[in-house]
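Notes to accompany the following structure.
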Amino acid sequence: MIQTKSDSKVVAILQDRIQLITQDQGAIYLVGPINLPVNLNGETVKFKWYSWIKRDEIIEDDEELINQLTFDNLAEFQQSSVLVYGDFEGDDDALIRFHSICHTGDIFGSKRCDCGYQLNQSIKKIVEHGTGALFYLANHEGRGIGLFSKAMAYILQEHDYDTVEANEALGFDDDVRSYSDAIEVLKSLRHKSITLMTNNPKKIAALKYAGLPVSRRVMLWGDRSEFNEEYLETKVNRSGHIREEELS
Ligand SMILES: Nc1nc2c(ncn2[C@@H]2O[C@H](COP(=O)(O)OP(=O)(O)OP(=O)(O)O)[C@@H](O)[C@H]2O)c(=O)[nH]1
């Protein structure tokens with residue numbers, strides 16, 4: 001039994017911004033929208049931001065959910081979020097990016113991959129398009145193997161393993177990411193068609209399989225250099241990514 005401690009004012013403020021998305025087992029708790037002004041290459045752009053957690057149990061009472069937070073140790077785990085731009089519910093077409101977290105590329109600007117470039121470009125393209133969302137998928141590090149394992153995979157890559165071989169040598173599949181929670185969140189925010197920004201056909205397949213109306217895809221290649229050339233080639237040759245020139 002959880003001890004009640006939130007005062008009614010706190011619950012009243014938060015409850016309109018907490019959405020319960022029930023699933024077969026448990027639920028996703030989506031909090032937002034929250035105003036988020038973002039510095040996009042020197043310009044301030046206003047987004048709406050949401051974050052979510054998933055629990056095995058369904059907690060319908062917002063006060064109980066809030067009271068549980070201090071017991072959850074959430075900082076020890078990863079939480080995903082979504083940055084939304086424009087009239088996301090109403091506009092006919094929305095540009096969507098499902099971006100897998102890359103600590104080295106997104107935060108440090110590592111050139112061993114193209115992730116940092118893709119993150120920045122996708123936010124820019126969403127704003128240019130007028131409506132869209134960037135899903136930042138925080139439990140996807142290293143295509144789902146976690147940061148520590150990715151560090152080991154990087155060491156193996158310094159010894160002639162490619163990205164796929166390195167994952168497999170550590171006992172993982174090449175790609176162990178799941179998009180299902182993000183798909184549920186997207187469904188709760190928008191019903192109309194979407195354009196997906198990706199070079200990965202598996203992402204498109206996952207979204208279509210889940211019943212999302214993906215009308216189009218646009219490519220997101222760039223930042224090729226001597227440091228990531230092999231990584232990008234492996235994506236095409238071993239992981240099934242579509243090469244830049246093959247995309248319309
Ligand atoms: N295991 C592993 N993961 C990596 C490596 N380099 C980058 N990543 C991770 O790869 C993920 C991005 O996946 P990618 O295969 O680059 O691209 P994608 O998301 O499948 O496809 P796009 O939508 O076209 O970007 C991020 O989670 C990165 O942390 C690596 O050498 N090994």
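Residue numbering restarts at 1 for every chain of the structure tokens, chains are lettered A, B, ... in their displayed order, and ligands are numbered from 1 as they appear.
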Would you kindly return, as a PyMOL selection string, each protein, DNA or RNA residue with an atom no farther than 12 Å from any atom of Phe77 in chain A, considering only C-alpha atoms and excluding same-chain residues fewer than 2 positions away? chain A and resi 53-54+72-75+79-80+138-139+146
Let me see the file: selected residues, N, CA and C atoms, as a compact mmCIF listing (two decimals), in the first residue's frame.
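Wrote it out as result_39.txt, contents follow:
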# COMPACT_ATOMS: atom_id res chain seq x y z
N ILE A 53 6.37 6.57 -19.42
CA ILE A 53 6.90 5.36 -18.79
C ILE A 53 5.90 4.24 -19.05
N LYS A 54 6.40 3.03 -18.90
CA LYS A 54 5.53 1.87 -19.05
C LYS A 54 5.55 1.10 -17.73
N ASP A 72 10.31 4.74 -7.63
CA ASP A 72 10.62 4.07 -8.90
C ASP A 72 12.07 4.19 -9.34
N ASN A 73 12.81 5.11 -8.74
CA ASN A 73 14.22 5.23 -9.09
C ASN A 73 14.40 5.43 -10.60
N LEU A 74 13.59 6.30 -11.17
CA LEU A 74 13.53 6.41 -12.63
C LEU A 74 14.85 6.88 -13.26
N ALA A 75 15.65 7.62 -12.50
CA ALA A 75 16.91 8.09 -13.07
C ALA A 75 17.87 6.94 -13.38
N GLN A 79 14.13 6.78 -20.06
CA GLN A 79 12.77 7.08 -20.47
C GLN A 79 12.80 7.77 -21.83
N SER A 80 11.88 7.39 -22.68
CA SER A 80 11.82 7.97 -24.02
C SER A 80 10.94 9.20 -24.02
N ALA A 138 14.85 6.02 -26.02
CA ALA A 138 15.97 5.97 -25.08
C ALA A 138 16.38 4.56 -24.69
N ASN A 139 15.57 3.57 -25.02
CA ASN A 139 15.97 2.19 -24.69
C ASN A 139 16.52 1.46 -25.92
N GLY A 146 22.45 -1.75 -25.49
CA GLY A 146 22.87 -0.97 -24.32
C GLY A 146 24.25 -0.35 -24.53
List as a ChimeraX atom specification the protein and nucleic acid residues lying within 8 Å of ligand 1, with only C-alpha atoms and all ligand atoms counted. /A:97-105,112-115,118,140-145,147,149-150,153-154,157,162-164,166-167,174-175,197-200,202-203,219-221,231-232,235,239,241-242
Could you write out that same residue set with C-alpha atoms as a PDB file, in the first residue's frame?
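Below you can see selection07.pdb, which holds the result:
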ATOM      1  CA  ARG A  97      11.436  10.453 -37.052  1.00  0.00           C
ATOM      2  CA  PHE A  98      11.895   7.436 -34.775  1.00  0.00           C
ATOM      3  CA  HIS A  99      15.410   8.176 -33.522  1.00  0.00           C
ATOM      4  CA  SER A 100      17.318   5.539 -31.567  1.00  0.00           C
ATOM      5  CA  ILE A 101      19.391   7.013 -28.773  1.00  0.00           C
ATOM      6  CA  CYS A 102      23.104   7.230 -29.484  1.00  0.00           C
ATOM      7  CA  HIS A 103      25.015   8.530 -26.479  1.00  0.00           C
ATOM      8  CA  THR A 104      28.244   8.873 -28.452  1.00  0.00           C
ATOM      9  CA  GLY A 105      26.761  10.410 -31.606  1.00  0.00           C
ATOM     10  CA  ARG A 112      31.929   6.897 -35.908  1.00  0.00           C
ATOM     11  CA  CYS A 113      28.238   6.886 -36.830  1.00  0.00           C
ATOM     12  CA  ASP A 114      25.760   9.297 -38.454  1.00  0.00           C
ATOM     13  CA  CYS A 115      23.390   9.565 -35.491  1.00  0.00           C
ATOM     14  CA  GLN A 118      20.488  12.555 -38.274  1.00  0.00           C
ATOM     15  CA  HIS A 140      17.491   1.690 -28.136  1.00  0.00           C
ATOM     16  CA  GLU A 141      21.168   2.366 -27.419  1.00  0.00           C
ATOM     17  CA  GLY A 142      23.434   0.402 -29.754  1.00  0.00           C
ATOM     18  CA  ARG A 143      20.374  -0.905 -31.641  1.00  0.00           C
ATOM     19  CA  GLY A 144      19.077  -2.209 -28.349  1.00  0.00           C
ATOM     20  CA  ILE A 145      22.200  -3.787 -26.815  1.00  0.00           C
ATOM     21  CA  LEU A 147      25.734   1.490 -23.973  1.00  0.00           C
ATOM     22  CA  SER A 149      27.769  -3.520 -24.730  1.00  0.00           C
ATOM     23  CA  LYS A 150      28.109  -0.937 -27.501  1.00  0.00           C
ATOM     24  CA  ALA A 153      31.256  -3.743 -29.778  1.00  0.00           C
ATOM     25  CA  TYR A 154      33.310  -0.650 -30.661  1.00  0.00           C
ATOM     26  CA  GLN A 157      35.247  -3.124 -34.464  1.00  0.00           C
ATOM     27  CA  ASP A 162      31.885  -5.087 -38.582  1.00  0.00           C
ATOM     28  CA  THR A 163      28.912  -3.758 -36.583  1.00  0.00           C
ATOM     29  CA  VAL A 164      26.795  -6.845 -37.205  1.00  0.00           C
ATOM     30  CA  ALA A 166      30.484  -7.388 -33.244  1.00  0.00           C
ATOM     31  CA  ASN A 167      26.903  -7.557 -31.947  1.00  0.00           C
ATOM     32  CA  ASP A 174      22.187  -7.391 -35.079  1.00  0.00           C
ATOM     33  CA  ASP A 175      19.127  -5.361 -34.111  1.00  0.00           C
ATOM     34  CA  MET A 197      12.219   9.807 -42.159  1.00  0.00           C
ATOM     35  CA  THR A 198      14.477   6.765 -42.334  1.00  0.00           C
ATOM     36  CA  ASN A 199      16.731   4.606 -44.471  1.00  0.00           C
ATOM     37  CA  ASN A 200      15.718   1.485 -42.564  1.00  0.00           C
ATOM     38  CA  LYS A 202      12.460  -2.540 -40.942  1.00  0.00           C
ATOM     39  CA  LYS A 203      11.169   0.599 -39.260  1.00  0.00           C
ATOM     40  CA  MET A 219      15.795   9.514 -46.679  1.00  0.00           C
ATOM     41  CA  LEU A 220      18.165  10.757 -44.023  1.00  0.00           C
ATOM     42  CA  TRP A 221      21.708  10.212 -45.244  1.00  0.00           C
ATOM     43  CA  TYR A 231      29.663   1.719 -40.630  1.00  0.00           C
ATOM     44  CA  LEU A 232      27.414   3.186 -43.332  1.00  0.00           C
ATOM     45  CA  LYS A 235      24.215  -0.706 -42.755  1.00  0.00           C
ATOM     46  CA  SER A 239      21.511  -4.603 -42.134  1.00  0.00           C
ATOM     47  CA  HIS A 241      19.296  -0.156 -45.110  1.00  0.00           C
ATOM     48  CA  ILE A 242      18.380   1.514 -48.358  1.00  0.00           C
TER      49      ILE A 242
END
For range 11-27 of chain A, list every protein, DNA or RNA residue within 12 Å, evaluated using only C-alpha atoms, and leave out those in the same chain fewer than 6 positions away; present the list as a PyMOL selection string. chain A and resi 4-5+33-34+49-67+180-189
Using only C-alpha atoms for the distances, tell me which of A:Ser81, A:Thr70, A:Glu76, A:Phe88 is nearest to Leu30 in chain A.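 Of A:Ser81, A:Thr70, A:Glu76, A:Phe88, the one nearest Leu30 in chain A, counting only C-alpha atoms, is A:Ser81.
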May I have all residues of range 49-135 of chain A that DSSP, computed from the backbone, assigns to helix (DSSP H, G or I), given as a ChimeraX atom specification? /A:62-72,74-76,103-107,115-129
Any chance you can output those residues with N, CA and C atoms as a short mmCIF file (atom, residue, chain, number, x, y, z; two decimals), in the first residue's frame?
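Output (part_30.cif):
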data_model
loop_
_atom_site.label_atom_id
_atom_site.label_comp_id
_atom_site.auth_asym_id
_atom_site.auth_seq_id
_atom_site.Cartn_x
_atom_site.Cartn_y
_atom_site.Cartn_z
N ASP A 62 -4.42 9.08 -10.72
CA ASP A 62 -3.22 9.89 -10.96
C ASP A 62 -2.45 10.16 -9.68
N GLU A 63 -3.18 10.31 -8.59
CA GLU A 63 -2.50 10.57 -7.31
C GLU A 63 -1.61 9.39 -6.95
N GLU A 64 -2.11 8.20 -7.17
CA GLU A 64 -1.32 7.00 -6.86
C GLU A 64 -0.08 6.93 -7.76
N LEU A 65 -0.28 7.28 -9.03
CA LEU A 65 0.86 7.27 -9.96
C LEU A 65 1.93 8.26 -9.50
N ILE A 66 1.50 9.46 -9.12
CA ILE A 66 2.44 10.49 -8.69
C ILE A 66 3.17 10.03 -7.42
N ASN A 67 2.43 9.46 -6.50
CA ASN A 67 3.04 9.01 -5.24
C ASN A 67 4.06 7.89 -5.45
N GLN A 68 3.86 7.13 -6.50
CA GLN A 68 4.76 6.00 -6.78
C GLN A 68 6.13 6.46 -7.28
N LEU A 69 6.19 7.68 -7.86
CA LEU A 69 7.40 8.12 -8.55
C LEU A 69 8.67 8.07 -7.70
N THR A 70 8.56 8.48 -6.44
CA THR A 70 9.77 8.52 -5.62
C THR A 70 10.29 7.13 -5.30
N PHE A 71 9.46 6.12 -5.50
CA PHE A 71 9.90 4.74 -5.24
C PHE A 71 10.49 4.08 -6.50
N ASP A 72 10.31 4.74 -7.63
CA ASP A 72 10.62 4.07 -8.90
C ASP A 72 12.07 4.19 -9.34
N LEU A 74 13.59 6.30 -11.17
CA LEU A 74 13.53 6.41 -12.63
C LEU A 74 14.85 6.88 -13.26
N ALA A 75 15.65 7.62 -12.50
CA ALA A 75 16.91 8.09 -13.07
C ALA A 75 17.87 6.94 -13.38
N GLU A 76 17.63 5.79 -12.79
CA GLU A 76 18.48 4.61 -13.07
C GLU A 76 18.11 3.94 -14.39
N HIS A 103 24.29 7.71 -27.45
CA HIS A 103 25.01 8.53 -26.48
C HIS A 103 26.25 9.17 -27.13
N THR A 104 27.00 8.37 -27.86
CA THR A 104 28.24 8.87 -28.45
C THR A 104 27.98 9.87 -29.60
N GLY A 105 27.02 9.55 -30.44
CA GLY A 105 26.76 10.41 -31.61
C GLY A 105 25.92 11.63 -31.26
N ASP A 106 24.86 11.44 -30.50
CA ASP A 106 23.92 12.53 -30.22
C ASP A 106 24.50 13.53 -29.21
N ILE A 107 25.19 13.01 -28.20
CA ILE A 107 25.67 13.89 -27.12
C ILE A 107 27.09 14.38 -27.39
N CYS A 115 24.57 9.31 -36.32
CA CYS A 115 23.39 9.57 -35.49
C CYS A 115 23.20 11.04 -35.11
N GLY A 116 24.30 11.70 -34.71
CA GLY A 116 24.19 13.11 -34.30
C GLY A 116 23.68 13.97 -35.46
N TYR A 117 24.20 13.72 -36.63
CA TYR A 117 23.77 14.43 -37.83
C TYR A 117 22.29 14.18 -38.09
N GLN A 118 21.89 12.91 -38.01
CA GLN A 118 20.49 12.56 -38.27
C GLN A 118 19.55 13.22 -37.27
N LEU A 119 19.98 13.31 -36.02
CA LEU A 119 19.14 13.93 -34.99
C LEU A 119 18.90 15.40 -35.33
N ASN A 120 19.98 16.12 -35.60
CA ASN A 120 19.86 17.54 -35.90
C ASN A 120 19.07 17.77 -37.19
N GLN A 121 19.37 17.00 -38.21
CA GLN A 121 18.68 17.16 -39.50
C GLN A 121 17.19 16.86 -39.38
N SER A 122 16.87 15.84 -38.60
CA SER A 122 15.45 15.46 -38.54
C SER A 122 14.63 16.55 -37.84
N ILE A 123 15.18 17.16 -36.80
CA ILE A 123 14.44 18.25 -36.14
C ILE A 123 14.27 19.41 -37.13
N LYS A 124 15.33 19.71 -37.84
CA LYS A 124 15.29 20.81 -38.82
C LYS A 124 14.24 20.54 -39.91
N LYS A 125 14.24 19.31 -40.41
CA LYS A 125 13.31 18.98 -41.49
C LYS A 125 11.85 18.97 -41.01
N ILE A 126 11.63 18.58 -39.78
CA ILE A 126 10.27 18.60 -39.21
C ILE A 126 9.76 20.05 -39.18
N VAL A 127 10.63 20.95 -38.73
CA VAL A 127 10.22 22.36 -38.65
C VAL A 127 9.97 22.91 -40.06
N GLU A 128 10.84 22.57 -41.00
CA GLU A 128 10.64 23.04 -42.39
C GLU A 128 9.33 22.50 -42.97
N HIS A 129 9.01 21.26 -42.62
CA HIS A 129 7.80 20.62 -43.13
C HIS A 129 6.53 21.28 -42.56
#
Pick out the residues sitting within 8 Å of Pro37 in chain A, and hand them over as a ChimeraX atom specification; count only C-alpha atoms, and ignore anything fewer than 4 positions along from it in its own chain. /A:44-47
Which residues are near Leu207 in chain A? Cut-off 8 Å, only C-alpha atoms, ignore same chain within fewer than 5 positions. Put them as a list of chain:residue names.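 In the requested format, the answer is A:Tyr179, A:Ile183, A:Leu212, A:Val214.
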Deliver the residues from the most recent selection as a file, using C-alpha atoms, as a PDB file, in the first residue's frame.
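The file below, out.pdb, is the result:
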ATOM      1  CA  TYR A 179       9.104   0.205 -31.660  1.00  0.00           C
ATOM      2  CA  ILE A 183       3.900   3.344 -31.920  1.00  0.00           C
ATOM      3  CA  LEU A 212      -0.013   3.095 -38.860  1.00  0.00           C
ATOM      4  CA  VAL A 214       2.688   5.440 -43.458  1.00  0.00           C
TER       5      VAL A 214
END
What residues in range 19-224 of chain A get the DSSP label strand (DSSP E)? Please answer as a ChimeraX atom specification. /A:19-22,27-40,43-55,80-85,94-100,132-137,194-197,214-218
Near Glu89 in chain A, counting only C-alpha atoms, which residues have an atom at most 10 Å away, once you skip same-chain residues fewer than 5 positions from it, shown as a ChimeraX atom specification? /A:94,131-132,188-192
Here CA of Asp87 in chain A and CA of Gly130 in chain A stand apart by 8.3 Å
Between CA of Val84 in chain A and CA of Arg224 in chain A, what is the distance, to one decimal in Å?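 Atom-to-atom, CA of Val84 in chain A to CA of Arg224 in chain A, that is 27.9 Å.
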